[in-house]
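Shown here: data.cif, mmCIF, C-alpha atoms and all ligand atoms; chains and numbers go by the auth columns.
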data_upload
#
loop_
_atom_site.group_PDB
_atom_site.id
_atom_site.type_symbol
_atom_site.label_atom_id
_atom_site.label_comp_id
_atom_site.label_asym_id
_atom_site.label_seq_id
_atom_site.Cartn_x
_atom_site.Cartn_y
_atom_site.Cartn_z
_atom_site.B_iso_or_equiv
_atom_site.auth_seq_id
_atom_site.auth_asym_id
ATOM 1 C CA MET A 1 84.866 119.346 188.469 0.00 9 A
ATOM 2 C CA ILE A 2 85.622 120.324 192.051 0.00 10 A
ATOM 3 C CA VAL A 3 89.107 120.567 193.554 0.00 11 A
ATOM 4 C CA SER A 4 90.109 121.553 197.078 0.00 12 A
ATOM 5 C CA ILE A 5 93.654 122.514 197.961 0.00 13 A
ATOM 6 C CA THR A 6 94.299 122.151 201.676 0.00 14 A
ATOM 7 C CA PHE A 7 97.371 122.564 203.893 0.00 15 A
ATOM 8 C CA ASP A 8 98.110 121.074 207.291 0.00 16 A
ATOM 9 C CA VAL A 9 100.026 123.867 208.969 0.00 17 A
ATOM 10 C CA GLU A 10 102.322 122.398 211.611 0.00 18 A
ATOM 11 C CA HIS A 11 105.970 122.318 212.689 0.00 19 A
ATOM 12 C CA ASP A 12 108.365 120.470 210.354 0.00 20 A
ATOM 13 C CA CYS A 13 107.643 116.820 209.617 0.00 21 A
ATOM 14 C CA PRO A 14 106.084 115.705 212.923 0.00 22 A
ATOM 15 C CA PRO A 15 106.950 113.686 214.956 0.00 23 A
ATOM 16 C CA TYR A 16 110.525 113.577 213.599 0.00 24 A
ATOM 17 C CA LEU A 17 111.532 117.246 213.727 0.00 25 A
ATOM 18 C CA THR A 18 110.727 120.233 215.941 0.00 26 A
ATOM 19 C CA THR A 19 111.954 123.027 213.659 0.00 27 A
ATOM 20 C CA THR A 20 109.641 125.513 211.919 0.00 28 A
ATOM 21 C CA ARG A 21 111.365 126.201 208.592 0.00 29 A
ATOM 22 C CA GLY A 22 108.108 125.413 206.838 0.00 30 A
ATOM 23 C CA MET A 23 106.427 128.231 208.729 0.00 31 A
ATOM 24 C CA GLU A 24 109.211 130.730 208.185 0.00 32 A
ATOM 25 C CA GLU A 25 109.970 130.024 204.532 0.00 33 A
ATOM 26 C CA GLY A 26 107.415 127.554 203.165 0.00 34 A
ATOM 27 C CA LEU A 27 104.084 129.103 204.125 0.00 35 A
ATOM 28 C CA PRO A 28 104.861 132.608 202.764 0.00 36 A
ATOM 29 C CA LYS A 29 105.827 130.976 199.435 0.00 37 A
ATOM 30 C CA LEU A 30 102.593 128.978 199.395 0.00 38 A
ATOM 31 C CA LEU A 31 100.537 132.090 200.058 0.00 39 A
ATOM 32 C CA ASP A 32 102.361 133.874 197.234 0.00 40 A
ATOM 33 C CA LEU A 33 101.617 130.962 194.892 0.00 41 A
ATOM 34 C CA MET A 34 97.920 130.934 195.831 0.00 42 A
ATOM 35 C CA ALA A 35 97.759 134.690 195.209 0.00 43 A
ATOM 36 C CA GLU A 36 99.503 134.354 191.862 0.00 44 A
ATOM 37 C CA LYS A 37 97.131 131.565 190.778 0.00 45 A
ATOM 38 C CA ARG A 38 94.110 133.302 192.343 0.00 46 A
ATOM 39 C CA ILE A 39 93.132 130.200 194.291 0.00 47 A
ATOM 40 C CA ARG A 40 91.606 130.109 197.740 0.00 48 A
ATOM 41 C CA ALA A 41 92.661 127.210 199.935 0.00 49 A
ATOM 42 C CA THR A 42 91.999 125.792 203.402 0.00 50 A
ATOM 43 C CA PHE A 43 94.760 126.016 206.017 0.00 51 A
ATOM 44 C CA PHE A 44 94.359 123.642 208.966 0.00 52 A
ATOM 45 C CA PHE A 45 96.600 125.187 211.646 0.00 53 A
ATOM 46 C CA THR A 46 97.803 123.681 214.874 0.00 54 A
ATOM 47 C CA ALA A 47 97.005 126.243 217.582 0.00 55 A
ATOM 48 C CA GLU A 48 100.673 126.138 218.583 0.00 56 A
ATOM 49 C CA MET A 49 101.787 127.406 215.156 0.00 57 A
ATOM 50 C CA ALA A 50 99.024 130.029 215.161 0.00 58 A
ATOM 51 C CA LYS A 51 100.269 131.345 218.523 0.00 59 A
ATOM 52 C CA ARG A 52 103.873 131.462 217.338 0.00 60 A
ATOM 53 C CA PHE A 53 103.140 132.895 213.885 0.00 61 A
ATOM 54 C CA PRO A 54 100.045 135.088 214.290 0.00 62 A
ATOM 55 C CA GLU A 55 101.019 137.290 211.339 0.00 63 A
ATOM 56 C CA LEU A 56 100.761 134.244 209.054 0.00 64 A
ATOM 57 C CA VAL A 57 97.281 133.386 210.344 0.00 65 A
ATOM 58 C CA LYS A 58 96.264 136.978 209.651 0.00 66 A
ATOM 59 C CA ARG A 59 97.680 136.729 206.152 0.00 67 A
ATOM 60 C CA VAL A 60 95.694 133.512 205.528 0.00 68 A
ATOM 61 C CA ILE A 61 92.467 135.235 206.560 0.00 69 A
ATOM 62 C CA ASP A 62 93.166 138.599 204.890 0.00 70 A
ATOM 63 C CA GLU A 63 93.903 136.855 201.601 0.00 71 A
ATOM 64 C CA GLY A 64 90.511 135.142 201.617 0.00 72 A
ATOM 65 C CA HIS A 65 91.520 131.629 202.630 0.00 73 A
ATOM 66 C CA GLU A 66 89.798 129.434 205.172 0.00 74 A
ATOM 67 C CA LEU A 67 91.309 128.807 208.608 0.00 75 A
ATOM 68 C CA GLY A 68 90.723 125.311 210.030 0.00 76 A
ATOM 69 C CA SER A 69 91.988 123.375 213.048 0.00 77 A
ATOM 70 C CA HIS A 70 94.710 120.696 213.072 0.00 78 A
ATOM 71 C CA THR A 71 94.538 120.189 216.882 0.00 79 A
ATOM 72 C CA TYR A 72 96.625 121.986 219.484 0.00 80 A
ATOM 73 C CA ASN A 73 100.143 120.673 218.899 0.00 81 A
ATOM 74 C CA HIS A 74 99.670 117.818 216.430 0.00 82 A
ATOM 75 C CA GLU A 75 98.370 115.309 218.962 0.00 83 A
ATOM 76 C CA ARG A 76 97.402 111.874 217.656 0.00 84 A
ATOM 77 C CA LEU A 77 93.726 111.602 218.612 0.00 85 A
ATOM 78 C CA ASP A 78 93.645 107.813 218.304 0.00 86 A
ATOM 79 C CA LYS A 79 96.279 107.585 221.073 0.00 87 A
ATOM 80 C CA LEU A 80 94.239 109.645 223.552 0.00 88 A
ATOM 81 C CA THR A 81 91.047 108.959 225.444 0.00 89 A
ATOM 82 C CA LYS A 82 87.930 110.592 224.048 0.00 90 A
ATOM 83 C CA GLU A 83 87.973 113.053 226.975 0.00 91 A
ATOM 84 C CA GLU A 84 91.620 114.010 226.431 0.00 92 A
ATOM 85 C CA GLY A 85 91.016 114.392 222.702 0.00 93 A
ATOM 86 C CA ALA A 86 87.937 116.539 223.320 0.00 94 A
ATOM 87 C CA LYS A 87 89.957 118.885 225.547 0.00 95 A
ATOM 88 C CA ILE A 88 92.627 119.279 222.880 0.00 96 A
ATOM 89 C CA ILE A 89 90.076 120.021 220.157 0.00 97 A
ATOM 90 C CA GLU A 90 88.343 122.606 222.378 0.00 98 A
ATOM 91 C CA LYS A 91 91.627 124.254 223.323 0.00 99 A
ATOM 92 C CA SER A 92 92.693 124.456 219.677 0.00 100 A
ATOM 93 C CA LEU A 93 89.390 125.964 218.531 0.00 101 A
ATOM 94 C CA LYS A 94 89.413 128.529 221.324 0.00 102 A
ATOM 95 C CA ILE A 95 92.815 129.865 220.245 0.00 103 A
ATOM 96 C CA LEU A 96 92.162 129.734 216.503 0.00 104 A
ATOM 97 C CA ARG A 97 88.788 131.452 216.838 0.00 105 A
ATOM 98 C CA GLU A 98 90.515 134.516 218.241 0.00 106 A
ATOM 99 C CA PHE A 99 91.610 135.093 214.639 0.00 107 A
ATOM 100 C CA GLY A 100 88.258 134.411 212.946 0.00 108 A
ATOM 101 C CA ASP A 101 85.611 131.845 212.150 0.00 109 A
ATOM 102 C CA VAL A 102 86.709 128.183 212.301 0.00 110 A
ATOM 103 C CA VAL A 103 84.311 125.493 211.070 0.00 111 A
ATOM 104 C CA SER A 104 86.597 122.820 209.637 0.00 112 A
ATOM 105 C CA PHE A 105 88.941 120.266 211.144 0.00 113 A
ATOM 106 C CA ARG A 106 91.614 117.752 210.146 0.00 114 A
ATOM 107 C CA ALA A 107 93.170 115.257 212.561 0.00 115 A
ATOM 108 C CA PRO A 108 96.957 114.735 212.581 0.00 116 A
ATOM 109 C CA ASN A 109 98.083 111.705 210.585 0.00 117 A
ATOM 110 C CA LEU A 110 94.448 111.382 209.471 0.00 118 A
ATOM 111 C CA GLN A 111 93.776 109.319 212.577 0.00 119 A
ATOM 112 C CA PHE A 112 90.213 110.084 213.568 0.00 120 A
ATOM 113 C CA PRO A 113 88.092 107.545 215.440 0.00 121 A
ATOM 114 C CA ASP A 114 84.391 108.015 214.566 0.00 122 A
ATOM 115 C CA TYR A 115 83.382 108.973 218.109 0.00 123 A
ATOM 116 C CA TYR A 116 85.064 112.356 217.587 0.00 124 A
ATOM 117 C CA TYR A 117 82.367 113.517 215.145 0.00 125 A
ATOM 118 C CA GLU A 118 80.129 114.137 218.124 0.00 126 A
ATOM 119 C CA ILE A 119 82.856 116.268 219.767 0.00 127 A
ATOM 120 C CA LEU A 120 83.276 118.355 216.606 0.00 128 A
ATOM 121 C CA GLU A 121 79.523 118.868 216.344 0.00 129 A
ATOM 122 C CA LYS A 122 79.312 119.978 219.968 0.00 130 A
ATOM 123 C CA ASN A 123 82.024 122.552 219.227 0.00 131 A
ATOM 124 C CA GLY A 124 80.355 124.033 216.179 0.00 132 A
ATOM 125 C CA VAL A 125 82.570 122.370 213.565 0.00 133 A
ATOM 126 C CA LEU A 126 80.702 121.709 210.301 0.00 134 A
ATOM 127 C CA ILE A 127 83.285 119.918 208.176 0.00 135 A
ATOM 128 C CA ASP A 128 85.805 117.192 208.910 0.00 136 A
ATOM 129 C CA SER A 129 88.512 116.163 206.467 0.00 137 A
ATOM 130 C CA SER A 130 90.307 113.543 208.570 0.00 138 A
ATOM 131 C CA LYS A 131 89.383 110.445 206.595 0.00 139 A
ATOM 132 C CA ALA A 132 91.243 109.396 203.490 0.00 140 A
ATOM 133 C CA ASN A 133 90.321 107.241 200.544 0.00 141 A
ATOM 134 C CA TYR A 134 93.913 106.052 200.300 0.00 142 A
ATOM 135 C CA LYS A 135 93.768 104.908 203.933 0.00 143 A
ATOM 136 C CA GLY A 136 90.833 102.618 203.364 0.00 144 A
ATOM 137 C CA TYR A 137 87.894 104.964 204.022 0.00 145 A
ATOM 138 C CA ARG A 138 85.108 104.061 201.605 0.00 146 A
ATOM 139 C CA GLY A 139 82.224 106.225 202.834 0.00 147 A
ATOM 140 C CA GLY A 140 82.595 109.087 200.345 0.00 148 A
ATOM 141 C CA VAL A 141 81.282 112.551 201.203 0.00 149 A
ATOM 142 C CA LYS A 142 78.590 112.153 203.813 0.00 150 A
ATOM 143 C CA PHE A 143 77.169 113.504 207.037 0.00 151 A
ATOM 144 C CA PHE A 144 78.051 112.005 210.405 0.00 152 A
ATOM 145 C CA GLY A 145 75.394 113.686 212.526 0.00 153 A
ATOM 146 C CA ASN A 146 75.635 117.320 211.432 0.00 154 A
ATOM 147 C CA VAL A 147 79.308 117.122 210.470 0.00 155 A
ATOM 148 C CA LEU A 148 80.087 116.690 206.769 0.00 156 A
ATOM 149 C CA GLU A 149 82.993 114.344 206.059 0.00 157 A
ATOM 150 C CA VAL A 150 85.010 115.489 203.047 0.00 158 A
ATOM 151 C CA PRO A 151 87.780 112.882 202.772 0.00 159 A
ATOM 152 C CA ALA A 152 91.290 113.556 201.484 0.00 160 A
ATOM 153 C CA SER A 153 92.005 111.962 198.115 0.00 161 A
ATOM 154 C CA THR A 154 95.729 111.224 198.110 0.00 162 A
ATOM 155 C CA THR A 155 98.707 111.274 200.416 0.00 163 A
ATOM 156 C CA SER A 156 100.639 114.551 200.349 0.00 164 A
ATOM 157 C CA SER A 157 103.791 113.124 198.744 0.00 165 A
ATOM 158 C CA VAL A 158 101.815 112.376 195.535 0.00 166 A
ATOM 159 C CA ILE A 159 101.946 116.020 194.549 0.00 167 A
ATOM 160 C CA ARG A 160 105.757 115.908 194.644 0.00 168 A
ATOM 161 C CA LEU A 161 106.003 112.973 192.218 0.00 169 A
ATOM 162 C CA PRO A 162 107.345 113.666 188.731 0.00 170 A
ATOM 163 C CA TRP A 163 104.496 115.280 186.798 0.00 171 A
ATOM 164 C CA ARG A 164 104.051 112.465 184.242 0.00 172 A
ATOM 165 C CA LEU A 165 103.519 109.991 187.115 0.00 173 A
ATOM 166 C CA GLN A 166 101.192 112.082 189.266 0.00 174 A
ATOM 167 C CA ARG A 167 99.044 112.980 186.250 0.00 175 A
ATOM 168 C CA ILE A 168 97.938 109.347 186.013 0.00 176 A
ATOM 169 C CA ILE A 169 96.933 109.374 189.677 0.00 177 A
ATOM 170 C CA HIS A 170 94.939 112.628 189.302 0.00 178 A
ATOM 171 C CA SER A 171 93.029 111.249 186.321 0.00 179 A
ATOM 172 C CA ARG A 172 91.795 108.322 188.420 0.00 180 A
ATOM 173 C CA LEU A 173 90.472 110.346 191.359 0.00 181 A
ATOM 174 C CA LYS A 174 86.780 110.813 192.002 0.00 182 A
ATOM 175 C CA GLU A 175 85.006 113.979 193.133 0.00 183 A
ATOM 176 C CA PRO A 176 85.744 115.872 195.210 0.00 184 A
ATOM 177 C CA ARG A 177 89.482 115.986 194.652 0.00 185 A
ATOM 178 C CA VAL A 178 90.866 116.998 198.037 0.00 186 A
ATOM 179 C CA TYR A 179 94.623 117.488 198.019 0.00 187 A
ATOM 180 C CA PHE A 180 96.741 118.234 201.021 0.00 188 A
ATOM 181 C CA ALA A 181 100.302 119.306 201.668 0.00 189 A
ATOM 182 C CA HIS A 182 102.370 120.826 204.486 0.00 190 A
ATOM 183 C CA PRO A 183 104.433 124.033 204.565 0.00 191 A
ATOM 184 C CA TRP A 184 107.582 122.035 205.376 0.00 192 A
ATOM 185 C CA GLU A 185 107.360 120.228 202.030 0.00 193 A
ATOM 186 C CA PHE A 186 108.100 123.551 200.336 0.00 194 A
ATOM 187 C CA VAL A 187 111.517 124.014 201.958 0.00 195 A
ATOM 188 C CA PRO A 188 114.448 121.703 201.130 0.00 196 A
ATOM 189 C CA MET A 189 114.304 118.667 203.455 0.00 197 A
ATOM 190 C CA GLN A 190 116.845 116.561 201.561 0.00 198 A
ATOM 191 C CA ARG A 191 119.448 116.770 204.348 0.00 199 A
ATOM 192 C CA GLU A 192 117.125 115.914 207.216 0.00 200 A
ATOM 193 C CA LYS A 193 117.094 112.456 208.757 0.00 201 A
ATOM 194 C CA ILE A 194 113.493 111.715 207.891 0.00 202 A
ATOM 195 C CA ARG A 195 111.755 109.125 205.732 0.00 203 A
ATOM 196 C CA TRP A 196 112.639 109.391 202.029 0.00 204 A
ATOM 197 C CA ASP A 197 109.034 110.088 201.053 0.00 205 A
ATOM 198 C CA CYS A 198 109.131 113.190 203.268 0.00 206 A
ATOM 199 C CA ARG A 199 112.300 114.421 201.526 0.00 207 A
ATOM 200 C CA PHE A 200 112.088 113.912 197.772 0.00 208 A
ATOM 201 C CA ASN A 201 111.341 116.941 195.601 0.00 209 A
ATOM 202 C CA THR A 202 110.888 119.188 198.656 0.00 210 A
ATOM 203 C CA GLY A 203 111.698 122.896 198.280 0.00 211 A
ATOM 204 C CA ASP A 204 111.170 124.957 195.146 0.00 212 A
ATOM 205 C CA LYS A 205 110.486 121.847 193.053 0.00 213 A
ATOM 206 C CA ALA A 206 107.402 121.222 195.201 0.00 214 A
ATOM 207 C CA ILE A 207 106.203 124.789 194.586 0.00 215 A
ATOM 208 C CA GLU A 208 106.668 124.301 190.848 0.00 216 A
ATOM 209 C CA LEU A 209 104.768 120.993 190.899 0.00 217 A
ATOM 210 C CA LEU A 210 101.890 122.440 192.933 0.00 218 A
ATOM 211 C CA GLY A 211 101.665 125.264 190.402 0.00 219 A
ATOM 212 C CA MET A 212 101.457 122.663 187.621 0.00 220 A
ATOM 213 C CA LEU A 213 98.696 120.813 189.459 0.00 221 A
ATOM 214 C CA ILE A 214 96.656 123.996 189.784 0.00 222 A
ATOM 215 C CA ASP A 215 97.192 124.899 186.117 0.00 223 A
ATOM 216 C CA HIS A 216 96.212 121.370 185.092 0.00 224 A
ATOM 217 C CA TYR A 217 92.835 121.687 186.790 0.00 225 A
ATOM 218 C CA LYS A 218 92.345 125.296 185.730 0.00 226 A
ATOM 219 C CA SER A 219 92.726 124.247 182.089 0.00 227 A
ATOM 220 C CA GLN A 220 89.852 121.811 182.654 0.00 228 A
ATOM 221 C CA GLY A 221 87.638 124.532 184.102 0.00 229 A
ATOM 222 C CA ALA A 222 87.711 123.122 187.653 0.00 230 A
ATOM 223 C CA MET A 223 86.133 124.985 190.563 0.00 231 A
ATOM 224 C CA PHE A 224 88.484 125.419 193.513 0.00 232 A
ATOM 225 C CA LEU A 225 86.555 125.360 196.772 0.00 233 A
ATOM 226 C CA THR A 226 87.511 125.818 200.399 0.00 234 A
ATOM 227 C CA MET A 227 86.015 123.359 202.888 0.00 235 A
ATOM 228 C CA ARG A 228 83.361 125.867 203.932 0.00 236 A
ATOM 229 C CA GLU A 229 82.413 126.541 200.311 0.00 237 A
ATOM 230 C CA TYR A 230 82.226 122.824 199.626 0.00 238 A
ATOM 231 C CA TYR A 231 79.915 122.409 202.605 0.00 239 A
ATOM 232 C CA ASP A 232 77.614 125.176 201.340 0.00 240 A
ATOM 233 C CA LEU A 233 77.509 123.687 197.849 0.00 241 A
ATOM 234 C CA TYR A 234 76.971 120.126 199.031 0.00 242 A
ATOM 235 C CA GLY A 235 74.187 121.166 201.375 0.00 243 A
ATOM 236 C CA ASN A 236 72.400 122.911 198.499 0.00 244 A
ATOM 237 C CA LEU A 237 72.805 119.923 196.187 0.00 245 A
ATOM 238 C CA LYS A 238 71.270 117.724 198.879 0.00 246 A
ATOM 239 C CA ARG A 239 68.242 119.949 199.251 0.00 247 A
ATOM 240 C CA GLU A 240 67.472 120.118 195.499 0.00 248 A
HETATM 241 ZN ZN ZN B . 99.691 117.073 210.307 0.00 301 B
#

Starting from the coordinates I provided, produce the structure as structure tokens.
Amino acid sequence: MIVSITFDVEHDCPPYLTTTRGMEEGLPKLLDLMAEKRIRATFFFTAEMAKRFPELVKRVIDEGHELGSHTYNHERLDKLTKEEGAKIIEKSLKILREFGDVVSFRAPNLQFPDYYYEILEKNGVLIDSSKANYKGYRGGVKFFGNVLEVPASTTSSVIRLPWRLQRIIHSRLKEPRVYFAHPWEFVPMQREKIRWDCRFNTGDKAIELLGMLIDHYKSQGAMFLTMREYYDLYGNLKRE
């Protein structure tokens, strides 16, 4: 069984807020949890957050996690021309690669028209995780050109549902199980004027629930893979 824990590292609840409480308080807590559970995860950063919080990018890399791109400042790629989108992807990669290797990408709001695969490939990106099974993508894990699509399995709010409810959802997922969450979900958002599904069980409850999710899969002997590790494994399976 393969599980990937991924985080979209951005300012708080875009496009509704512009604060960065998730960066200041949420991300350090997430990194502590990953260290405690001995799990390596993938962190898709916007370049803007990487510039403002370089010490957190360094921590991600030093602690053995994978750094990926989540565009420059959370731009919706489907609302831009291909040329504008390409510029944003290039600009993001250039900044993030000052910290280390970057070979994976996730588009904001999981909006990723297929013509962007070619742009990723041109920029040396090997893995995309911008499609989602829960948003109607049915292609499974597959190559688009030389870019491997590893779709997300569930929307991020699922992992804040009461445990007895989310357990049923986890049991129905197919391989690979790719979860994602955001740093801002791990600080209390109950008082913010944002959609209810962005608020419920945010804060320490979310940390507790993510810990339960990890323990649940650990008890089943799951392998936790970063996007890069998944790519290496999948490529080898294909060749056999
Ligand atoms: Zn995002």

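Here the PyMOL selection byres (((not hetatm)) within 7 of (chain B and resi 301)) matches the residues Asp16, Val17, Glu18, His78, His82, Pro116 and Asn117 of chain A.
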
Inset, instruction - Pick out the residues sitting within 6 Å of region 151-162 of chain A, and hand them over as a list in words; count all atoms listed in the file, and ignore anything fewer than 5 positions along from it in its own chain. - result: Leu134, Ile135, Asp136, Ser137, Lys139, Ala140, Asn141, Tyr142, Arg185 and Val186 of chain A

Would you put the residues from that selection into a file with C-alpha atoms, as an mmCIF file, keeping the file's coordinate frame?
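Written output follows (part_23.cif):
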data_model
loop_
_atom_site.group_PDB
_atom_site.id
_atom_site.type_symbol
_atom_site.label_atom_id
_atom_site.label_comp_id
_atom_site.auth_asym_id
_atom_site.auth_seq_id
_atom_site.Cartn_x
_atom_site.Cartn_y
_atom_site.Cartn_z
ATOM 1 C CA LEU A 134 80.702 121.709 210.301
ATOM 2 C CA ILE A 135 83.285 119.918 208.176
ATOM 3 C CA ASP A 136 85.805 117.192 208.910
ATOM 4 C CA SER A 137 88.512 116.163 206.467
ATOM 5 C CA LYS A 139 89.383 110.445 206.595
ATOM 6 C CA ALA A 140 91.243 109.396 203.490
ATOM 7 C CA ASN A 141 90.321 107.241 200.544
ATOM 8 C CA TYR A 142 93.913 106.052 200.300
ATOM 9 C CA ARG A 185 89.482 115.986 194.652
ATOM 10 C CA VAL A 186 90.866 116.998 198.037
#

Inset, instruction - To verify the selection step, state as an NGL selection string which residues the PyMOL selection byres (((chain A and resi 214-220) around 12) and not hetatm) yields on this input. - result: :A and (13-15 or 33-47 or 164-175 or 187-197 or 206-213 or 221-227)

Inset, instruction - Find the residues around Gly132 (chain A) up to 12 Å (all atoms listed in the file counted), leave out those fewer than 4 positions away in its own chain, and share them as a VMD selection string. - result: chain A and resid 97 to 98 101 to 102 105 109 to 113 125 to 128 136 154 to 156

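Nearest to Phe53 (chain A) of all the residues A:Arg114, A:Lys95, A:Lys130, A:His73 is A:Arg114, based on only C-alpha atoms.
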
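Non-sequential neighbours of Tyr238 (chain A) (distance at most 10 Å, separation of 5 or more positions within a chain, all atoms listed in the file) are A:Ile10, A:Val11, A:Ser12, A:Ile135, A:Leu156, A:Val158, A:Pro184, A:Phe232, A:Leu233, A:Gly243, A:Asn244.
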
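One distance worth recording is that between CA of Ala230 (chain A) and CA of Gly72 (chain A), which is 18.6 Å.
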
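Using only C-alpha atoms, the nearest neighbour of Gly76 (chain A) within the list A:Arg236, A:Glu32, A:Arg199, A:Arg146 is A:Arg236.
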
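Between CA of Pro23 (chain A) and CA of Asn81 (chain A) the separation is 10.5 Å.
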
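A straight line drawn from CA of Glu200 (chain A) to CA of Pro22 (chain A) is 12.4 Å long.
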
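Once the PyMOL selection byres (((chain A and resi 90) around 12) and not hetatm) is applied to this file, the selection holds Arg84, Leu85, Asp86, Lys87, Leu88, Thr89, Glu91, Glu92, Gly93, Ala94, Lys95, Ile96, Ile97, Phe120, Pro121, Asp122, Tyr123, Tyr124, Tyr125, Glu126, Ile127 and Leu128 of chain A.
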
Please write out, as AutoDock Vina command-line options, where the centre of an axis-aligned box around all listed atoms of region 74-82 of chain A lies and how long its edges are, in Å to one decimal, after adding 6 Å on each side.
--center_x 95.0 --center_y 123.6 --center_z 212.3 --size_x 22.3 --size_y 23.6 --size_z 26.3

Inset, instruction - Quick one: everything within 10 Å of Arg60 (chain A), counting only C-alpha atoms, minus sequence neighbours fewer than 5 positions away in the same chain. Send it as a PyMOL selection string. - result: chain A and resi 28+31+55+65

Output region 117-131 of chain A with N, CA, C and O atoms present, as a CSV table (one decimal), keeping the file's coordinate frame.
chain,number,residue,atom,x,y,z
A,117,ASN,N,97.9,113.0,211.2
A,117,ASN,CA,98.1,111.7,210.6
A,117,ASN,C,96.8,111.1,210.1
A,117,ASN,O,96.7,109.8,209.9
A,118,LEU,N,95.8,111.9,209.9
A,118,LEU,CA,94.4,111.4,209.5
A,118,LEU,C,94.0,110.2,210.3
A,118,LEU,O,93.5,109.2,209.8
A,119,GLN,N,94.2,110.3,211.6
A,119,GLN,CA,93.8,109.3,212.6
A,119,GLN,C,92.6,109.9,213.4
A,119,GLN,O,92.8,110.8,214.2
A,120,PHE,N,91.4,109.4,213.0
A,120,PHE,CA,90.2,110.1,213.6
A,120,PHE,C,89.1,109.0,213.9
A,120,PHE,O,88.3,108.7,213.0
A,121,PRO,N,89.2,108.5,215.1
A,121,PRO,CA,88.1,107.5,215.4
A,121,PRO,C,86.7,108.2,215.3
A,121,PRO,O,86.6,109.4,215.6
A,122,ASP,N,85.7,107.4,214.9
A,122,ASP,CA,84.4,108.0,214.6
A,122,ASP,C,83.7,108.7,215.8
A,122,ASP,O,82.9,109.6,215.6
A,123,TYR,N,84.1,108.3,217.0
A,123,TYR,CA,83.4,109.0,218.1
A,123,TYR,C,83.7,110.4,218.3
A,123,TYR,O,83.1,111.2,219.0
A,124,TYR,N,84.7,110.9,217.5
A,124,TYR,CA,85.1,112.4,217.6
A,124,TYR,C,84.1,113.3,216.8
A,124,TYR,O,84.1,114.5,217.0
A,125,TYR,N,83.3,112.7,215.9
A,125,TYR,CA,82.4,113.5,215.1
A,125,TYR,C,81.5,114.3,216.1
A,125,TYR,O,81.1,115.4,215.9
A,126,GLU,N,81.0,113.5,217.1
A,126,GLU,CA,80.1,114.1,218.1
A,126,GLU,C,80.8,115.3,218.8
A,126,GLU,O,80.2,116.3,219.1
A,127,ILE,N,82.1,115.2,219.1
A,127,ILE,CA,82.9,116.3,219.8
A,127,ILE,C,82.9,117.5,218.8
A,127,ILE,O,82.8,118.6,219.3
A,128,LEU,N,83.2,117.2,217.6
A,128,LEU,CA,83.3,118.4,216.6
A,128,LEU,C,81.9,119.1,216.6
A,128,LEU,O,81.9,120.3,216.6
A,129,GLU,N,80.9,118.3,216.4
A,129,GLU,CA,79.5,118.9,216.3
A,129,GLU,C,79.2,119.7,217.6
A,129,GLU,O,78.7,120.9,217.4
A,130,LYS,N,79.5,119.2,218.7
A,130,LYS,CA,79.3,120.0,220.0
A,130,LYS,C,80.1,121.3,220.0
A,130,LYS,O,79.7,122.3,220.6
A,131,ASN,N,81.2,121.3,219.3
A,131,ASN,CA,82.0,122.6,219.2
A,131,ASN,C,81.8,123.4,218.0
A,131,ASN,O,82.6,124.3,217.7
